[in-house]
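For reference, the structure is listed below as structure tokens.
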Amino acid sequence: MRQLWIVIWIALACALAACSRQESGWSAARRADSVPAYETYLEHFPAGAHAEEARARIRELHEEREWTRANQLQTPEGWQRYLGAFPEGRYAAEARERLSDFVLARALPGERAYMVQLGAYSSEAAAQADLARLSRENADLLGNLKMQIQPPANGATALWRLRAGPLAEAAARRICVDLESRAADCVPAAR
């Protein structure tokens, strides 16, 4: 009987030590509040008591980094990149608004030739893939429009833009409202 109690006490001591290490690891990750710190916690305790919290905080930190980058760039591509990664993110509505304001601010009043910009991509292959997907999923809205991938301008950031048009301004705005209701990115852009 005495041996059974010794085994129980040893097992209890080990469990408490493991719990203590886990809580210590979580405290260290929270103090550092960085992606590498939370990843280290998850490496050691993938099913730990705070694993879901760690994963959620990693997602938040990635979103914050992408939003900060978009605001530093202050370009349509930066906001579209954020929206591509976080279409339902914390700053999605603001990103769409800034994107629309930026592009429309450069349009000439009364100009009739508009395109709808559906995305900006770091590779032509990514733009091609999204062109096929958007054409298939939104044939009712985009079927009659000429879809095109615009290559990066000389000396500009290597971004391929997916656009459809030409349209009148009001039509471009309507299509964007409809596409955004389907959780697709869209910005009216003067040609």
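Simple scheme: letters A, B, ... for chains in structure tokens order, numbers from 1 for residues in each chain, numbers from 1 for ligands in the order shown.
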
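Proximity to segment 31-43 of chain A at 10 Å, evaluated using only C-alpha atoms and with sequence-adjacent residues fewer than 4 positions away removed, yields A:Gln22, A:Glu23, A:Ser24, A:Gly25, A:Trp26, A:Ser27, A:Ala47, A:Gly48, A:His50, A:Ala51, A:Glu52, A:Glu53, A:Ala54, A:Arg55, A:Ala56, A:Arg57, A:Ile58, A:Arg59, A:Glu60, A:Leu61, A:His62.
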
When you look at segment 152-154 of chain A with a cut-off of 10 Å (counting only C-alpha atoms), what residues show up, excluding the ones that are within fewer than 4 positions of it in the same chain? I need them as a ChimeraX atom specification. /A:120-124,158-161

Output for the residues just chosen: N, CA and C atoms as a compact mmCIF listing (two decimals), in the first residue's frame:
```
# COMPACT_ATOMS: atom_id res chain seq x y z
N ALA A 120 -4.70 42.72 -56.63
CA ALA A 120 -3.31 43.01 -56.98
C ALA A 120 -2.49 41.85 -56.42
N TYR A 121 -1.58 41.31 -57.22
CA TYR A 121 -0.91 40.05 -56.90
C TYR A 121 0.59 40.18 -57.07
N SER A 122 1.30 39.41 -56.29
CA SER A 122 2.76 39.44 -56.36
C SER A 122 3.30 38.57 -57.48
N SER A 123 2.44 37.78 -58.12
CA SER A 123 2.89 36.97 -59.25
C SER A 123 1.79 36.90 -60.31
N GLU A 124 2.21 36.72 -61.53
CA GLU A 124 1.25 36.60 -62.62
C GLU A 124 0.43 35.32 -62.46
N ALA A 158 6.51 45.08 -58.04
CA ALA A 158 6.08 43.97 -58.90
C ALA A 158 4.71 43.47 -58.49
N LEU A 159 3.67 44.16 -58.99
CA LEU A 159 2.30 43.75 -58.72
C LEU A 159 1.53 43.67 -60.03
N TRP A 160 0.84 42.55 -60.21
CA TRP A 160 -0.02 42.37 -61.36
C TRP A 160 -1.43 42.70 -60.90
N ARG A 161 -2.12 43.54 -61.66
CA ARG A 161 -3.47 43.97 -61.30
C ARG A 161 -4.49 43.25 -62.18
```

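Here atom CA of Thr68 of chain A and atom CA of Phe102 of chain A stand 17.1 Å from one another.
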
In segment 82-142 of chain A, DSSP alpha helix (DSSP H) residues written as an MDAnalysis selection string: chainID A and resid 82:85 92:105 124:137 139:142

Write out as a PyMOL selection string which residues come within 7 Å of Gln148 of chain A when counting only C-alpha atoms, dropping same-chain ones fewer than 6 positions away. chain A and resi 162-164

Selected residues written out with C-alpha atoms, as a short mmCIF file (atom, residue, chain, number, x, y, z; two decimals), in the first residue's frame:
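Saved to result.cif:
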```cif
data_model
loop_
_atom_site.label_atom_id
_atom_site.label_comp_id
_atom_site.auth_asym_id
_atom_site.auth_seq_id
_atom_site.Cartn_x
_atom_site.Cartn_y
_atom_site.Cartn_z
CA LEU A 162 -6.62 42.09 -62.26
CA ARG A 163 -9.16 44.43 -63.82
CA ALA A 164 -12.45 44.20 -65.73
#
```

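Closest approach to Leu99 of chain A among A:Leu73, A:Leu145, A:Ala85, A:Ala168: A:Leu73, based on only C-alpha atoms.
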
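Residues of segment 2-179 of chain A carrying a DSSP assignment of strand (DSSP E), computed from the backbone, are A:Tyr114, A:Met115, A:Val116, A:Gln117, A:Leu118, A:Gly119, A:Ala120, A:Tyr121, A:Lys146, A:Met147, A:Gln148, A:Ile149, A:Gln150, A:Trp160, A:Arg161, A:Leu162, A:Arg163, A:Ala164, A:Gly165, A:Pro166, A:Leu167.
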
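Coordinates place atom CA of Arg65 of chain A at a distance of 29.1 Å from atom CA of Asp178 of chain A.
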